[in-house]
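In what follows, a structure is listed as structure tokens, so that the remarks can point back to it.
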Amino acid sequence: MTKKKIIMRIVQIVIVLFGISFLTFLLTYLSPGDPAQIMLVSSGVMPTESAVAALREQMGYNLPFWTQYFRWIGNALHGDFGLSFTMNKPVVGLLLARLWPTLKLTIFAMILMLAVSIPLGMLSAVYKDKPIDYIVRGFTFVGCSIPNFWVGLLLMLVFCVKFTIFPVISSSGTFRDMVLPAVTLAIAMASKYTRQVRTAILEELGQDYVVGARARGIKERKILWRNVFPNSLLPLITMLGLSVGSLLGGTSVVEVIFSYPGMGSLAVSAITSSDYNLIQAYVLWVALIYMVINLIVDISYNFVDPRMRLKR
Amino acid sequence: MTTKKKNFFLQHKVFTIFLILAILLILMAIFAPVITRGVDPIKGSMKDAVLPPSADHWFGTDKMGRDIFTRVIYGSRISLVSAFAVVGLSFAIGMLLGIISGYFRGAVDAVIMRIADMFVSFPGLVLAMAVAGILGASIKNAILAIALVTWPKYARLARSLVLKIRDRDYVSAAIVTGSKTPYMLTRYMLPNVLPTLIITAATDIGGLMLELAGLSFLGFGAVSPAAEWGLMLSEGRSYMRTAPWLMIFPGLAILITVIIFNMLGDGLRDILDPRNEE
């Protein structure tokens with residue numbers, strides 16, 4: 001990644017964010033729900049026709065679409081995503097309060113995933129077509145096919161209801177509360193990632209230099225850790241960056257099941273109650289987080305792979 | 001002809017087994033009323049509410065006294081139809097736009113691909129959730145929402161395949177000798193794109209079923225009283241302590257269905273993928 005490429009990527013991120021903002025705004029504009037009515041109902045006011053009309057006028061919902069959009073995007077650029085309809089608080093504050101718990105959960109799930117996937121994937125690649133490989137592949141296959149919300153419910157049934165090891169409601173966001181949600185998230189991710197580790201390692205094992213190293217009598221273990229693993233890091237880091245996307249999407253389901261106080265469960269309740277300002281801000285934020293993480297991943301190639309530094 | 005067919009199925013035993021299972025699943029969905037002996041999946045009798053599994057109710061009953069076995073069987077209808085609808089929609093839109101993009105190149109290509117890039121550089125499920133929620137909870141909207149974030153994958157794939165052959169001599173020769181554009185698109189580009197897209201579609205179906213069930217679970221898909229597996233799990237959730245069967249059987253149904261379609265997709269990929277032919 002040269003400086004020029006990095007700048008190009010940042011420009012691209014900005015363009016995508018504009019596209020997403022336009023799409024979500026258009027959808028809320030076209031949607032059947034009337035924001036003025038939703039606001040009145042949630043603040044406990046009788047939504048009479050005149051009250052709704054007055055609020056629509058006051059909030060500018062009668063203005064033409066483009067005026068409304070540019071007004072909203074102008075405020076958003078200043079960090080003002082408006083008020084939440086249902087909670088009557090600035091959307092940014094609500095999301096910020098939930099940001100860290102979700103990031104914490106995502107990072108924890110990722111550490112779990114790596115701790116499981118890398119050893120299993122390598123084992124499965126090294127012992128290709130041996131019993132261990134078949135067992136690992138069987139598990140990853142089931143893991144990819146199992147709905148994560150069902151895994152969450154089953155874990156809850158076993159660990160919270162049958163044996164009361166963990167709390168049913170993980171609303172405090174402490175480490176103990178994070179264990180089951182993180183395990184749930186990690187199971188699906190680890191299954192996919194183990195397969196990718198296996199493929200990446202197998203690809204490297206087939207290279208000529210591995211044959212050469214073996215011919216020279218270098219120990220298999222040394223070849224694996226000194227040569228094969230470092231060489232396959234590049235695709236593995238790329239996949240890791242991409243899997244953050246499914247993690248961010250998956251957190252909402254898991255957060256809802258375990259009543260975990262993260263951005264995902266906030267977003268689900270916002271969507272359920274048609275809290276448009278909150279939904280728009282959430283979608284944009286997740287997009288931004290995801291794209292920035294992937295940019296960082298791409299920049300990190302410079303450090304992981306010396307070849308990238310030479311290519312200017 | 002018959003001997004050739006027999007050989008094919010004998011050669012690919014795993015694929016054949018899962019193909020039969022998938023056909024059985026589809027038959028189960030079609031003949032749901034026969035299998036469940038006419039029990040109504042929507043109406044229950046309150047005197048049968050929350051009964052554990054028994055000879056009368058194999059999978060037990062829910063809070064409305066509805067038979068879970070019946071609802072699980074009927075649930076296959078929504079799951080199969082919606083997953084095929086998503087795949088069909090994304091496939092058709094993606095293939096069309098991808099071929100157009102790759103064949104005409106230039107400004108058309110730039111516009112279509114920038115839009116596709118926008119969707120790809122973004123966690124799809126998050127957007128699908130928002131879209132399905134904003135449009136209002138219904139299966140139709142869940143299908144639209146997931147198709148909206150899935151088509152770009154097919155479009156990009158189709159485009160790259162078209163670009164690969166676009167400048168081959170035989171394509172130029174066909175254009176020069178007067179083949180009309182629609183003919184070029186349908187007779188030259190389409191057959192080149194189809195196999196890879198079909199493989200992708202087949203391997204995607206299982207994952208899409210999971211996403212659809214997930215949306216219904218969150219309340220952005222099927223709405224009560226529909227017999228849908230994700231929704232059933234979400235309804236059974238609050239009875240976890242007293243009636244665990246409410247969340248065991250619908251989950252198992254999803255798992256088994258997704259496994260069958262994933263195995264079928266993987267099998268099809270192994271058979272059709274030209275890279276495996278040596």
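By convention here, the chains of the structure tokens are called A, B, ... in the order presented, each chain's residues are numbered starting at 1, and ligands are numbered starting at 1 in the order presented.
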Only residues of chain A matter here; which ones have an atom within 7 Å of chain B, counting only C-alpha atoms? Give them as a list of chain:residue names.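 Result: A:Val16, A:Leu27, A:Thr28, A:Ser31, A:Ser145, A:Ile146, A:Pro147, A:Trp150, A:Leu157, A:Val161, A:Gly245, A:Ser246, A:Gly249, A:Val253, A:Ile271, A:Thr272, A:Ser274, A:Ile279, A:Val283, A:Ala287, A:Tyr290, A:Met291.
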Got a sec: who's within 9 Å of Ala51 of chain A, counting only C-alpha atoms, leaving out chain neighbours fewer than 4 positions off, as a PyMOL selection string? chain A and resi 36-37+40+45-47+55-56
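You can rank B:Ser82, B:Ser138, B:Thr150, B:Ser160 by their closest distance to Pro225 of chain B using only C-alpha atoms, and at the top of that list sits B:Ser138.
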Please measure the separation of atom CA of Val149 of chain B and atom CA of Leu103 of chain A, giving the value in Å to one decimal.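 Atom CA of Val149 of chain B sits 23.9 Å away from atom CA of Leu103 of chain A.
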Report, in Å with one decimal, the straight-line distance from atom CA of Ile223 of chain A to atom CA of Val116 of chain A.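 These atoms are spaced 21.5 Å apart.
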Have a look at B:Ile17, B:Val34, B:Ser179, B:Arg71 and name the one nearest to Phe59 of chain B; count only C-alpha atoms.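 Ranked by minimum distance to Phe59 of chain B, first place goes to B:Arg71.
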Give me the residues near segment 119-124 of chain A as a PyMOL selection string, where near means some atom within 8 Å (using only C-alpha atoms) and where sequence neighbours in that chain fewer than 6 positions away do not count. chain A and resi 132-134+136-137+194-198+201
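Note that atom CA of Ile112 of chain B and atom CA of Arg187 of chain B are 22.5 Å apart.
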Give the alpha helix (DSSP H) residues of segment 60-260 of chain A, as assigned by DSSP on the backbone, as a ChimeraX atom specification. /A:65-77,91-126,131-145,148-156,175-205,208-215,220-222,229-257
Residues of the last selection are to be written out with C-alpha atoms, as a short mmCIF file (atom, residue, chain, number, x, y, z; two decimals), in the first residue's frame.
data_model
loop_
_atom_site.label_atom_id
_atom_site.label_comp_id
_atom_site.auth_asym_id
_atom_site.auth_seq_id
_atom_site.Cartn_x
_atom_site.Cartn_y
_atom_site.Cartn_z
CA PHE A 65 -36.78 14.93 -0.52
CA TRP A 66 -33.47 16.49 -1.57
CA THR A 67 -33.77 19.37 0.88
CA GLN A 68 -34.42 16.90 3.68
CA TYR A 69 -31.52 14.69 2.64
CA PHE A 70 -28.97 17.49 2.39
CA ARG A 71 -30.12 18.94 5.67
CA TRP A 72 -29.67 15.57 7.36
CA ILE A 73 -26.31 14.83 5.76
CA GLY A 74 -25.09 18.35 6.56
CA ASN A 75 -25.90 17.83 10.23
CA ALA A 76 -24.41 14.34 10.14
CA LEU A 77 -21.13 15.73 8.85
CA VAL A 91 -28.47 9.37 18.62
CA VAL A 92 -24.69 9.79 18.79
CA GLY A 93 -24.62 9.58 22.58
CA LEU A 94 -26.82 6.49 22.60
CA LEU A 95 -24.60 4.72 20.09
CA LEU A 96 -21.35 5.78 21.74
CA ALA A 97 -22.49 4.31 25.05
CA ARG A 98 -23.05 0.97 23.31
CA LEU A 99 -19.97 1.03 21.11
CA TRP A 100 -17.43 -0.28 23.59
CA PRO A 101 -19.48 -3.28 24.81
CA THR A 102 -19.96 -4.41 21.21
CA LEU A 103 -16.30 -3.91 20.29
CA LYS A 104 -15.27 -5.73 23.45
CA LEU A 105 -17.54 -8.64 22.57
CA THR A 106 -16.29 -8.72 18.98
CA ILE A 107 -12.64 -8.70 20.03
CA PHE A 108 -13.22 -11.43 22.61
CA ALA A 109 -15.07 -13.57 20.06
CA MET A 110 -12.23 -13.06 17.62
CA ILE A 111 -9.59 -14.15 20.12
CA LEU A 112 -11.62 -17.28 20.84
CA MET A 113 -12.02 -17.90 17.14
CA LEU A 114 -8.29 -17.57 16.43
CA ALA A 115 -7.37 -19.77 19.39
CA VAL A 116 -9.54 -22.55 17.97
CA SER A 117 -9.20 -22.11 14.21
CA ILE A 118 -5.47 -21.78 13.74
CA PRO A 119 -4.45 -24.99 15.54
CA LEU A 120 -7.39 -26.97 14.12
CA GLY A 121 -6.91 -25.66 10.60
CA MET A 122 -3.21 -26.47 10.68
CA LEU A 123 -3.77 -29.93 12.13
CA SER A 124 -6.36 -30.61 9.48
CA ALA A 125 -4.03 -29.45 6.70
CA VAL A 126 -0.96 -31.31 7.94
CA PRO A 131 -8.97 -39.22 10.69
CA ILE A 132 -8.17 -35.90 12.41
CA ASP A 133 -8.83 -34.05 9.16
CA TYR A 134 -12.19 -35.75 8.73
CA ILE A 135 -13.22 -34.97 12.30
CA VAL A 136 -12.23 -31.31 11.98
CA ARG A 137 -13.96 -31.01 8.62
CA GLY A 138 -17.09 -32.63 10.02
CA PHE A 139 -17.22 -30.16 12.90
CA THR A 140 -16.59 -27.14 10.70
CA PHE A 141 -19.28 -28.31 8.31
CA VAL A 142 -21.89 -28.55 11.05
CA GLY A 143 -20.65 -25.24 12.49
CA CYS A 144 -21.27 -23.53 9.16
CA SER A 145 -24.76 -24.96 8.87
CA ASN A 148 -26.10 -18.94 15.48
CA PHE A 149 -29.27 -17.88 17.25
CA TRP A 150 -30.07 -21.53 17.90
CA VAL A 151 -26.56 -22.11 19.27
CA GLY A 152 -27.12 -19.16 21.57
CA LEU A 153 -30.44 -20.52 22.78
CA LEU A 154 -29.01 -24.01 23.36
CA LEU A 155 -26.02 -22.64 25.29
CA MET A 156 -28.43 -20.59 27.35
CA PHE A 175 -16.54 -10.48 31.51
CA ARG A 176 -18.80 -13.21 32.94
CA ASP A 177 -21.66 -11.82 30.86
CA MET A 178 -19.53 -11.85 27.75
CA VAL A 179 -18.55 -15.52 27.80
CA LEU A 180 -21.67 -17.13 26.31
CA PRO A 181 -22.36 -14.42 23.69
CA ALA A 182 -18.73 -14.56 22.60
CA VAL A 183 -18.73 -18.37 22.39
CA THR A 184 -21.91 -18.24 20.30
CA LEU A 185 -20.38 -15.75 17.90
CA ALA A 186 -17.10 -17.64 17.79
CA ILE A 187 -18.59 -21.02 16.85
CA ALA A 188 -19.90 -19.98 13.45
CA MET A 189 -16.89 -17.79 12.71
CA ALA A 190 -14.38 -20.42 13.82
CA SER A 191 -15.94 -23.00 11.50
CA LYS A 192 -15.52 -20.80 8.46
CA TYR A 193 -12.08 -19.62 9.49
CA THR A 194 -10.77 -23.13 10.20
CA ARG A 195 -11.62 -24.07 6.63
CA GLN A 196 -9.80 -21.02 5.34
CA VAL A 197 -6.74 -21.75 7.48
CA ARG A 198 -6.73 -25.30 6.15
CA THR A 199 -6.92 -24.17 2.53
CA ALA A 200 -4.22 -21.53 2.98
CA ILE A 201 -1.82 -23.93 4.70
CA LEU A 202 -2.47 -26.68 2.15
CA GLU A 203 -1.67 -24.26 -0.63
CA GLU A 204 1.67 -23.35 0.95
CA LEU A 205 2.50 -26.98 1.71
CA ASP A 208 8.26 -26.27 -4.31
CA TYR A 209 10.27 -24.74 -1.49
CA VAL A 210 8.58 -27.08 0.98
CA VAL A 211 9.68 -30.08 -1.08
CA GLY A 212 13.16 -28.56 -1.22
CA ALA A 213 13.28 -28.01 2.52
CA ARG A 214 12.12 -31.58 3.14
CA ALA A 215 14.75 -32.89 0.74
CA GLU A 220 8.71 -30.91 9.37
CA ARG A 221 7.81 -28.90 12.46
CA LYS A 222 10.40 -26.27 11.58
CA PHE A 229 2.80 -20.42 8.54
CA PRO A 230 4.39 -16.98 7.99
CA ASN A 231 3.83 -17.32 4.26
CA SER A 232 0.16 -18.08 4.64
CA LEU A 233 -0.39 -15.18 7.03
CA LEU A 234 -1.29 -12.76 4.27
CA PRO A 235 -4.50 -14.44 3.06
CA LEU A 236 -5.37 -15.27 6.67
CA ILE A 237 -5.18 -11.64 7.76
CA THR A 238 -7.32 -10.62 4.79
CA MET A 239 -9.99 -13.17 5.74
CA LEU A 240 -9.82 -11.98 9.33
CA GLY A 241 -10.59 -8.43 8.23
CA LEU A 242 -13.49 -9.61 6.12
CA SER A 243 -14.89 -11.78 8.90
CA VAL A 244 -15.26 -8.69 11.09
CA GLY A 245 -18.18 -7.88 8.82
CA SER A 246 -20.10 -11.03 9.68
CA LEU A 247 -19.17 -10.54 13.33
CA LEU A 248 -20.65 -7.04 13.36
CA GLY A 249 -23.77 -8.33 11.65
CA GLY A 250 -23.95 -11.38 13.90
CA THR A 251 -23.64 -9.45 17.14
CA SER A 252 -27.17 -8.08 16.88
CA VAL A 253 -28.73 -11.57 17.01
CA VAL A 254 -26.51 -12.66 19.88
CA GLU A 255 -26.95 -9.43 21.80
CA VAL A 256 -30.70 -9.78 21.56
CA ILE A 257 -30.66 -13.37 22.84
#
Env of Leu148 of chain B: 8 Å cut, atoms = only C-alpha atoms, seq-sep filter 3 positions within chain, self excluded. Answer as a list in words.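 What passes the distance filter is Ser90, Ala128, Leu144, Ala145 and Trp151 of chain B.
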Store the residues of this selection in a file with N, CA and C atoms, as a compact mmCIF listing (two decimals), in the first residue's frame.
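Writing done, so here's again-v5.txt:
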# COMPACT_ATOMS: atom_id res chain seq x y z
N SER B 90 -31.45 -12.69 -6.87
CA SER B 90 -30.07 -12.20 -6.94
C SER B 90 -29.38 -12.73 -8.18
N ALA B 128 -29.36 -5.50 5.42
CA ALA B 128 -30.57 -6.29 5.18
C ALA B 128 -31.54 -6.13 6.36
N LEU B 144 -36.68 -9.45 -0.24
CA LEU B 144 -36.16 -8.30 -0.97
C LEU B 144 -34.88 -7.77 -0.34
N ALA B 145 -34.88 -7.67 0.99
CA ALA B 145 -33.74 -7.09 1.69
C ALA B 145 -32.49 -7.94 1.47
N TRP B 151 -27.22 -9.65 -4.67
CA TRP B 151 -27.01 -9.61 -6.13
C TRP B 151 -25.63 -9.14 -6.55
Would you mind telling me which residue in B:Val86, B:Ile20, B:Ile78, B:Ala226 lies nearest to Ile143 of chain B when using only C-alpha atoms?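 Result for the nearest residue to Ile143 of chain B: B:Val86.
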Pick from B:Leu264, B:Met232, B:Val193, B:Ile73: nearest to Phe91 of chain B, with only C-alpha atoms counted? B:Val193
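Between Ile38 of chain A and the residues A:Asn62, A:Ser273, A:Gln280, A:Ser259, the shortest atom-to-atom distance, using only C-alpha atoms, involves A:Ser273.
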